[in-house]
$ cat upload.tsv   # TSV, C-alpha atoms
chain	number	residue	atom	x	y	z
E	3	MET	CA	55.52	-45.06	78.46
E	4	GLN	CA	57.65	-44.81	75.31
E	5	LYS	CA	60.89	-46.78	75.43
E	6	SER	CA	64.15	-44.87	75.03
E	7	THR	CA	65.96	-45.07	71.69
E	8	SER	CA	68.94	-46.82	73.28
E	9	ALA	CA	66.70	-49.47	74.86
E	10	MET	CA	65.02	-50.10	71.50
E	11	LYS	CA	68.39	-50.49	69.76
E	12	GLN	CA	69.58	-52.98	72.34
E	13	ARG	CA	66.65	-55.26	71.48
E	14	THR	CA	66.99	-55.00	67.71
E	15	GLY	CA	67.99	-58.33	66.20
E	16	LEU	CA	67.21	-60.21	69.40
E	17	ALA	CA	65.44	-63.07	67.60
E	18	GLY	CA	68.76	-64.09	66.09
E	19	LYS	CA	69.96	-65.21	69.51
E	20	ALA	CA	67.60	-68.19	69.17
E	21	GLY	CA	69.95	-69.62	66.54
E	22	GLU	CA	69.24	-70.39	62.90
E	23	PHE	CA	67.76	-73.13	60.75
E	24	LEU	CA	67.99	-73.84	57.01
E	25	ILE	CA	64.54	-74.59	55.59
E	26	GLY	CA	64.95	-76.81	52.55
E	27	ASN	CA	68.72	-76.31	52.87
E	28	ASP	CA	68.51	-72.84	51.33
E	29	LEU	CA	66.24	-70.56	53.42
E	30	ARG	CA	68.18	-69.37	56.47
E	31	VAL	CA	65.83	-68.17	59.21
E	32	ALA	CA	66.09	-67.25	62.87
E	33	ARG	CA	64.63	-70.04	64.99
E	34	LEU	CA	62.11	-67.70	66.61
E	35	GLY	CA	59.50	-66.65	64.08
E	36	PHE	CA	56.09	-64.99	64.15
E	37	GLY	CA	52.69	-66.62	63.66
E	38	ALA	CA	50.27	-64.18	62.04
E	39	MET	CA	46.97	-65.85	62.93
E	40	ARG	CA	46.19	-63.49	65.80
E	41	ILE	CA	46.33	-60.30	63.71
E	42	THR	CA	42.77	-61.05	62.59
E	43	GLY	CA	39.39	-60.70	64.30
E	44	LYS	CA	37.72	-62.87	66.91
E	45	GLY	CA	37.31	-66.46	65.77
E	46	ILE	CA	40.17	-65.82	63.29
E	47	TRP	CA	37.51	-64.03	61.28
E	48	GLY	CA	37.48	-60.57	59.74
E	49	GLU	CA	39.51	-57.51	60.55
E	50	PRO	CA	41.47	-57.12	63.81
E	51	GLU	CA	40.17	-54.73	66.43
E	52	ASP	CA	43.19	-52.50	65.84
E	53	ARG	CA	44.63	-52.79	62.34
E	54	ALA	CA	47.23	-50.10	62.99
E	55	GLU	CA	48.56	-52.09	65.97
E	56	ALA	CA	48.68	-55.26	63.84
E	57	ILE	CA	50.81	-53.41	61.30
E	58	GLN	CA	53.13	-52.17	64.04
E	59	VAL	CA	53.44	-55.71	65.42
E	60	LEU	CA	54.68	-56.98	62.06
E	61	ARG	CA	57.12	-54.13	61.58
E	62	ARG	CA	58.46	-54.50	65.09
E	63	ALA	CA	58.86	-58.25	64.56
E	64	VAL	CA	61.19	-57.59	61.62
E	65	ASP	CA	63.00	-54.91	63.61
E	66	LEU	CA	63.64	-57.50	66.34
E	67	GLY	CA	65.32	-59.84	63.87
E	68	ILE	CA	62.40	-62.12	63.00
E	69	ASN	CA	62.72	-63.19	59.37
E	70	PHE	CA	60.19	-66.03	59.31
E	71	ILE	CA	56.47	-65.18	59.29
E	72	ASP	CA	53.82	-67.90	59.14
E	73	THR	CA	50.31	-67.19	57.87
E	74	ALA	CA	47.49	-68.81	55.85
E	75	ASP	CA	44.82	-67.79	53.38
E	76	SER	CA	42.24	-69.00	55.92
E	77	TYR	CA	43.31	-66.49	58.59
E	78	GLY	CA	40.57	-63.92	58.27
E	79	PRO	CA	40.09	-65.39	55.68
E	80	TYR	CA	42.58	-63.43	53.56
E	81	VAL	CA	43.01	-60.70	56.20
E	82	SER	CA	46.34	-61.81	57.66
E	83	GLU	CA	48.05	-62.03	54.27
E	84	ALA	CA	46.75	-58.62	53.23
E	85	ILE	CA	47.98	-56.97	56.44
E	86	ILE	CA	51.42	-58.57	56.06
E	87	ALA	CA	51.78	-57.06	52.59
E	88	GLU	CA	50.50	-53.68	53.76
E	89	ALA	CA	52.95	-53.63	56.66
E	90	LEU	CA	56.08	-55.04	55.06
E	91	HIS	CA	56.01	-54.81	51.25
E	92	PRO	CA	58.47	-54.25	49.63
E	93	TYR	CA	59.88	-57.02	51.78
E	94	PRO	CA	63.34	-56.75	53.33
E	95	ALA	CA	66.00	-59.10	51.99
E	96	GLY	CA	65.97	-62.49	53.67
E	97	LEU	CA	62.39	-62.33	54.96
E	98	VAL	CA	60.65	-65.69	54.48
E	99	ILE	CA	56.85	-65.66	54.40
E	100	ALA	CA	55.24	-69.08	54.72
E	101	THR	CA	51.56	-69.43	53.98
E	102	LYS	CA	49.09	-72.31	53.87
E	103	GLY	CA	46.11	-73.44	51.84
E	104	GLY	CA	43.55	-76.23	52.13
E	105	PHE	CA	40.80	-74.84	54.34
E	106	GLU	CA	37.53	-73.11	53.52
E	107	ARG	CA	36.05	-70.74	56.10
E	108	PRO	CA	32.23	-70.69	56.28
E	109	GLY	CA	32.28	-68.60	59.48
E	110	PRO	CA	34.12	-67.67	62.69
E	111	ASP	CA	35.96	-70.60	64.29
E	112	ARG	CA	34.81	-72.88	61.45
E	113	TRP	CA	37.32	-74.76	59.30
E	114	VAL	CA	36.45	-77.15	56.45
E	115	GLU	CA	39.15	-79.11	54.59
E	116	ASN	CA	39.28	-78.71	50.83
E	117	GLY	CA	42.19	-80.48	49.17
E	118	LYS	CA	40.74	-80.50	45.67
E	119	PRO	CA	43.43	-79.52	43.16
E	120	ALA	CA	41.37	-76.67	41.70
E	121	HIS	CA	40.86	-75.18	45.16
E	122	LEU	CA	44.53	-75.46	46.11
E	123	LYS	CA	45.70	-73.87	42.88
E	124	SER	CA	43.19	-71.05	43.25
E	125	ALA	CA	44.19	-70.59	46.91
E	126	CYS	CA	47.86	-70.32	45.99
E	127	GLU	CA	47.13	-67.76	43.27
E	128	GLY	CA	45.12	-65.72	45.78
E	129	SER	CA	47.95	-65.82	48.31
E	130	LEU	CA	50.43	-64.68	45.67
E	131	ARG	CA	48.23	-61.68	44.85
E	132	ARG	CA	47.55	-60.68	48.46
E	133	LEU	CA	51.17	-61.09	49.54
E	134	ARG	CA	52.39	-59.34	46.37
E	135	LEU	CA	54.81	-62.14	45.62
E	136	GLU	CA	55.84	-63.91	42.42
E	137	ARG	CA	56.78	-67.03	44.37
E	138	ILE	CA	55.93	-68.27	47.88
E	139	ASP	CA	59.03	-69.53	49.67
E	140	LEU	CA	57.16	-72.09	51.77
E	141	TYR	CA	53.62	-73.24	50.99
E	142	GLN	CA	52.11	-75.69	53.46
E	143	LEU	CA	49.08	-77.92	53.00
E	144	HIS	CA	46.96	-76.80	55.96
E	145	ARG	CA	45.40	-80.24	56.32
E	146	ILE	CA	45.51	-83.41	54.26
E	147	ASP	CA	41.91	-83.71	53.10
E	148	PRO	CA	40.73	-87.32	53.72
E	149	LYS	CA	38.16	-86.95	50.91
E	150	VAL	CA	40.81	-86.33	48.23
E	151	PRO	CA	43.56	-88.76	47.16
E	152	ASP	CA	47.01	-87.72	48.39
E	153	GLU	CA	48.31	-87.87	44.83
E	154	ASP	CA	45.77	-85.25	43.75
E	155	GLN	CA	46.28	-82.65	46.47
E	156	LEU	CA	50.06	-83.03	46.75
E	157	GLY	CA	50.27	-83.34	42.98
E	158	ALA	CA	48.61	-79.93	42.72
E	159	LEU	CA	51.30	-78.42	44.94
E	160	LYS	CA	53.99	-80.19	42.92
E	161	ASP	CA	52.53	-78.60	39.75
E	162	LEU	CA	52.66	-75.17	41.38
E	163	GLN	CA	56.26	-75.82	42.39
E	164	THR	CA	57.15	-76.82	38.82
E	165	GLN	CA	55.53	-73.59	37.59
E	166	GLY	CA	57.77	-71.58	39.94
E	167	LYS	CA	54.92	-70.35	42.14
E	168	ILE	CA	56.07	-72.33	45.18
E	169	ARG	CA	59.66	-72.79	46.30
E	170	HIS	CA	59.20	-75.42	49.03
E	171	ILE	CA	56.29	-77.51	50.29
E	172	GLY	CA	55.30	-78.33	53.88
E	173	LEU	CA	52.52	-80.13	55.73
E	174	SER	CA	50.36	-79.31	58.74
E	175	GLU	CA	48.96	-81.54	61.50
E	176	VAL	CA	50.20	-84.85	60.13
E	177	SER	CA	51.44	-88.23	61.36
E	178	VAL	CA	54.76	-89.83	60.48
E	179	HIS	CA	52.95	-92.15	58.08
E	180	GLN	CA	51.30	-89.20	56.31
E	181	ILE	CA	54.67	-87.46	55.94
E	182	GLN	CA	56.18	-90.59	54.43
E	183	ARG	CA	53.29	-90.94	51.97
E	184	ALA	CA	53.67	-87.29	50.98
E	185	GLN	CA	57.43	-87.64	50.53
E	186	ALA	CA	56.80	-90.34	47.95
E	187	ILE	CA	55.09	-87.63	45.86
E	188	VAL	CA	57.02	-84.43	46.57
E	189	PRO	CA	59.90	-83.29	48.84
E	190	ILE	CA	58.65	-82.06	52.24
E	191	VAL	CA	60.74	-79.46	54.10
E	192	SER	CA	58.51	-78.54	57.04
E	193	VAL	CA	55.83	-79.88	59.36
E	194	HIS	CA	53.44	-77.61	61.26
E	195	ASN	CA	51.98	-79.63	64.18
E	196	ARG	CA	50.54	-78.78	67.57
E	197	TYR	CA	53.30	-79.18	70.15
E	198	SER	CA	54.45	-77.55	73.36
E	199	LEU	CA	55.98	-78.26	76.74
E	200	ALA	CA	52.53	-79.36	77.91
E	201	ASP	CA	51.43	-81.12	74.71
E	202	ARG	CA	53.71	-83.91	73.43
E	203	GLY	CA	51.30	-85.64	71.09
E	204	SER	CA	53.64	-85.12	68.12
E	205	GLU	CA	56.81	-86.39	69.79
E	206	ASP	CA	57.27	-89.13	67.17
E	207	VAL	CA	56.76	-86.60	64.37
E	208	LEU	CA	59.39	-84.32	65.89
E	209	GLU	CA	61.86	-87.19	66.08
E	210	TYR	CA	61.18	-88.04	62.43
E	211	CYS	CA	61.78	-84.43	61.45
E	212	GLU	CA	65.07	-84.42	63.35
E	213	GLN	CA	66.24	-87.48	61.42
E	214	GLY	CA	65.39	-85.86	58.09
E	215	ALA	CA	66.40	-82.24	58.88
E	216	ILE	CA	62.77	-81.20	58.33
E	217	GLY	CA	61.72	-77.96	60.01
E	218	PHE	CA	59.21	-78.58	62.82
E	219	ILE	CA	56.95	-75.56	63.35
E	220	PRO	CA	54.89	-75.97	66.55
E	221	TRP	CA	51.52	-74.28	66.60
E	222	PHE	CA	49.96	-73.34	69.95
E	223	PRO	CA	53.56	-73.33	71.28
E	224	LEU	CA	52.66	-71.76	74.63
E	225	ALA	CA	49.62	-73.91	75.48
E	226	ALA	CA	48.28	-70.86	77.29
E	227	GLY	CA	46.62	-71.39	80.61
E	228	ARG	CA	48.16	-74.74	81.46
E	229	LEU	CA	51.63	-73.24	81.71
E	230	SER	CA	50.89	-69.84	83.16
E	231	GLY	CA	49.91	-70.47	86.78
E	232	SER	CA	52.24	-69.01	89.39
E	233	ASP	CA	52.19	-72.30	91.34
E	234	SER	CA	53.03	-74.40	88.26
E	235	SER	CA	56.57	-75.69	87.67
E	236	VAL	CA	56.86	-73.29	84.75
E	237	GLY	CA	55.62	-70.38	86.85
E	238	ARG	CA	58.06	-71.16	89.67
E	239	LEU	CA	61.05	-71.37	87.32
E	240	ALA	CA	59.95	-68.16	85.60
E	241	ALA	CA	59.84	-66.37	88.97
E	242	GLN	CA	63.37	-67.56	89.79
E	243	LEU	CA	64.65	-66.28	86.44
E	244	LYS	CA	62.66	-63.03	86.61
E	245	ALA	CA	61.01	-64.09	83.36
E	246	THR	CA	57.45	-64.90	82.30
E	247	PRO	CA	55.99	-68.43	81.96
E	248	SER	CA	55.63	-67.83	78.22
E	249	GLN	CA	59.33	-67.02	77.92
E	250	VAL	CA	60.25	-70.18	79.80
E	251	ALA	CA	57.96	-72.27	77.57
E	252	LEU	CA	59.54	-70.80	74.44
E	253	ALA	CA	63.06	-71.27	75.78
E	254	TRP	CA	62.22	-74.92	76.44
E	255	LEU	CA	61.04	-75.37	72.85
E	256	LEU	CA	64.23	-73.80	71.50
E	257	SER	CA	66.34	-76.14	73.63
E	258	ARG	CA	64.23	-79.23	72.84
E	259	SER	CA	65.43	-79.69	69.26
E	260	PRO	CA	67.49	-77.78	66.68
E	261	VAL	CA	64.77	-78.32	64.05
E	262	ILE	CA	62.05	-76.59	66.10
E	263	LEU	CA	60.96	-73.17	64.84
E	264	PRO	CA	58.53	-71.65	67.36
E	265	ILE	CA	56.15	-69.05	65.92
E	266	PRO	CA	54.34	-67.44	68.88
E	267	GLY	CA	51.69	-65.03	67.67
E	268	THR	CA	50.12	-61.94	69.16
E	269	SER	CA	48.28	-58.75	68.23
E	270	SER	CA	50.26	-56.66	70.74
E	271	VAL	CA	53.69	-55.08	70.31
E	272	GLU	CA	54.33	-55.40	74.04
E	273	HIS	CA	53.53	-59.12	74.02
E	274	LEU	CA	55.65	-59.60	70.88
E	275	GLU	CA	58.67	-58.06	72.60
E	276	GLU	CA	58.10	-60.26	75.65
E	277	ASN	CA	58.03	-63.38	73.46
E	278	VAL	CA	61.14	-62.47	71.49
E	279	ALA	CA	63.07	-61.86	74.71
E	280	ALA	CA	62.88	-65.64	75.24
E	281	ALA	CA	65.63	-65.96	72.63
E	282	ASP	CA	68.07	-64.54	75.18
E	283	LEU	CA	66.79	-66.45	78.21
E	284	LYS	CA	69.48	-68.69	79.71
E	285	ILE	CA	68.28	-71.83	81.51
E	286	ASP	CA	70.78	-74.48	82.55
E	287	GLU	CA	70.36	-78.09	81.44
E	288	ASP	CA	69.48	-79.38	84.91
E	289	ALA	CA	66.63	-76.87	85.21
E	290	MET	CA	65.39	-77.80	81.73
E	291	ARG	CA	65.38	-81.52	82.56
E	292	GLU	CA	63.57	-80.91	85.86
E	293	LEU	CA	61.01	-78.75	84.07
E	294	ASP	CA	60.46	-81.46	81.49
E	295	ARG	CA	60.07	-84.12	84.18
E	296	THR	CA	57.59	-82.21	86.32
E	297	VAL	CA	55.40	-81.15	83.41
E	298	ARG	CA	55.26	-84.72	82.09
E	299	ALA	CA	54.26	-85.94	85.55
E	300	SER	CA	51.51	-83.34	86.00

$ encode --input "upload.tsv" --output "structure tokens"
Amino acid sequence: MQKSTSAMKQRTGLAGKAGEFLIGNDLRVARLGFGAMRITGKGIWGEPEDRAEAIQVLRRAVDLGINFIDTADSYGPYVSEAIIAEALHPYPAGLVIATKGGFERPGPDRWVENGKPAHLKSACEGSLRRLRLERIDLYQLHRIDPKVPDEDQLGALKDLQTQGKIRHIGLSEVSVHQIQRAQAIVPIVSVHNRYSLADRGSEDVLEYCEQGAIGFIPWFPLAAGRLSGSDSSVGRLAAQLKATPSQVALAWLLSRSPVILPIPGTSSVEHLEENVAAADLKIDEDAMRELDRTVRAS
């Protein structure tokens, strides 16, 4: 059923209720963004089943106040970036598109690190072309390649930054020690690590980011499955609030730290709207602490 015009207007700008964060002290974004990995095919490979729906998802995300979109050249590969440009270019003022480089894709669900400077520079140039940008606001090293010296791969990104092709540099799936090593080479403004209510493996990294005002972008923020059962602590709280488990999990992330920028992804407009509604979900501090305690104990 098509939503009424008044109902649609009421939800416009909803992402802004999650609060804001300054990436690199100069990119102001709503703290609820969109991860564009799922607008590709199965195995994060090839075209999505419904390209038209993927385009509508991106346009609706912007309509809902999302102004931070995370993607990567390896999503597809190349498909996610191309769809973003098709859906949103010319980009609205204030929209920040973050992309990543550092993986090769030999096939579906296969990811191979490549931090060689020539590859990273070529990857960045390709992202600029596909996204139709002269400069990428946030370019993140998708993985630190253990086969390549840090100085070489981060030095390549520093060169691109000096050339004006990258505004800010971030890292993905790193330890505190790796962030510190990288910071000795180039300023780091964001970290993209796996983290959720059910997955606290990067707790020390989050705390380090808080101390340095570094944006912490959790991937797999909903830890699907583990959090969704109706008899789980998340499911029970969601039922009390007349919300979904996913909304509760996102609300917890938003309350956990002011540097967290959740980027839940989806290929469905309906699911997108459900996720963004988490920005307006009110959960008192006692309920949040109890949720945290029970999930840690499970």

$ closest_residue --input "upload.tsv" --among "E:Ile285, E:Ala241, E:Leu173, E:Ile99" --to "E:Ile138" --atoms "only C-alpha atoms"
E:Ile99

$ axis_aligned_box --input "upload.tsv" --around "stretch 108-113 of chain E" --padding-each-side "6 Å" --output "AutoDock Vina command-line options"
--center_x 34.8 --center_y -71.2 --center_z 60.3 --size_x 17.1 --size_y 19.1 --size_z 20.0

$ closest_residue --input "upload.tsv" --among "E:Gly109, E:Gly67, E:Pro92, E:Gly21" --to "E:Ile46" --atoms "only C-alpha atoms"
E:Gly109

$ atom_distance --input "upload.tsv" --atom1 "atom CA of E:Leu162" --atom2 "atom CA of E:Glu83"
19.0 Å

$ closest_residue --input "upload.tsv" --among "E:Ile68, E:Leu274, E:Ala251, E:Leu239" --to "E:Glu292" --atoms "all atoms listed in the file"
E:Leu239

$ residues_around --input "upload.tsv" --residues "E:Glu55" --least-positions-apart "5" --cutoff "8 Å" --atoms "all atoms listed in the file" --output "list in words"
Ser269, Ser270 and Val271 of chain E

$ write_last_selection --input "upload.tsv" --atoms "C-alpha atoms" --output "PDB file, keeping the file's coordinate frame"
ATOM      1  CA  SER E 269      48.280 -58.750  68.230  1.00  0.00           C
ATOM      2  CA  SER E 270      50.260 -56.660  70.740  1.00  0.00           C
ATOM      3  CA  VAL E 271      53.690 -55.080  70.310  1.00  0.00           C
TER       4      VAL E 271
END

$ atom_distance --input "upload.tsv" --atom1 "atom CA of E:Ala95" --atom2 "atom CA of E:Asp72"
16.6 Å

$ residues_around --input "upload.tsv" --residues "E:Phe105" --least-positions-apart "6" --cutoff "7 Å" --atoms "only C-alpha atoms" --output "VMD selection string"
chain E and resid 76 113 to 116 144

$ residues_around --input "upload.tsv" --residues "stretch 196-211 of chain E" --least-positions-apart "6" --cutoff "9 Å" --atoms "all atoms listed in the file" --output "ChimeraX atom specification"
/E:174-178,181,217-225,228-229,251-252,254-255,259,261-262,293-294,297-298

$ closest_residue --input "upload.tsv" --among "E:Pro119, E:Gly128, E:Thr73, E:Ile41" --to "E:Lys149" --atoms "all atoms listed in the file"
E:Pro119

$ atom_distance --input "upload.tsv" --atom1 "atom CA of E:Lys123" --atom2 "atom CA of E:Ile190"
18.0 Å

$ closest_residue --input "upload.tsv" --among "E:Val236, E:Tyr93, E:His179, E:Cys126" --to "E:Asp161" --atoms "all atoms listed in the file"
E:Cys126

$ residues_near_point --input "upload.tsv" --point "(70.0, -70.0, 60.6)" --cutoff "7 Å" --atoms "all atoms listed in the file" --output "MDAnalysis selection string"
chainID E and resid 21:24 30:33

$ residues_around --input "upload.tsv" --residues "E:Val150" --least-positions-apart "2" --cutoff "10 Å" --atoms "all atoms listed in the file" --output "PyMOL selection string"
chain E and resi 115-119+146-148+152-156

$ write_last_selection --input "upload.tsv" --atoms "C-alpha atoms" --output "PDB file, in the frame of the given file"
ATOM      1  CA  GLU E 115      39.150 -79.110  54.590  1.00  0.00           C
ATOM      2  CA  ASN E 116      39.280 -78.710  50.830  1.00  0.00           C
ATOM      3  CA  GLY E 117      42.190 -80.480  49.170  1.00  0.00           C
ATOM      4  CA  LYS E 118      40.740 -80.500  45.670  1.00  0.00           C
ATOM      5  CA  PRO E 119      43.430 -79.520  43.160  1.00  0.00           C
ATOM      6  CA  ILE E 146      45.510 -83.410  54.260  1.00  0.00           C
ATOM      7  CA  ASP E 147      41.910 -83.710  53.100  1.00  0.00           C
ATOM      8  CA  PRO E 148      40.730 -87.320  53.720  1.00  0.00           C
ATOM      9  CA  ASP E 152      47.010 -87.720  48.390  1.00  0.00           C
ATOM     10  CA  GLU E 153      48.310 -87.870  44.830  1.00  0.00           C
ATOM     11  CA  ASP E 154      45.770 -85.250  43.750  1.00  0.00           C
ATOM     12  CA  GLN E 155      46.280 -82.650  46.470  1.00  0.00           C
ATOM     13  CA  LEU E 156      50.060 -83.030  46.750  1.00  0.00           C
TER      14      LEU E 156
END

$ residues_near_point --input "upload.tsv" --point "(57.9, -57.1, 66.0)" --cutoff "12 Å" --atoms "all atoms listed in the file" --output "count of residues only"
45

$ closest_residue --input "upload.tsv" --among "E:Ala245, E:Ala100, E:Leu122, E:Val193" --to "E:Leu135" --atoms "all atoms listed in the file"
E:Ala100
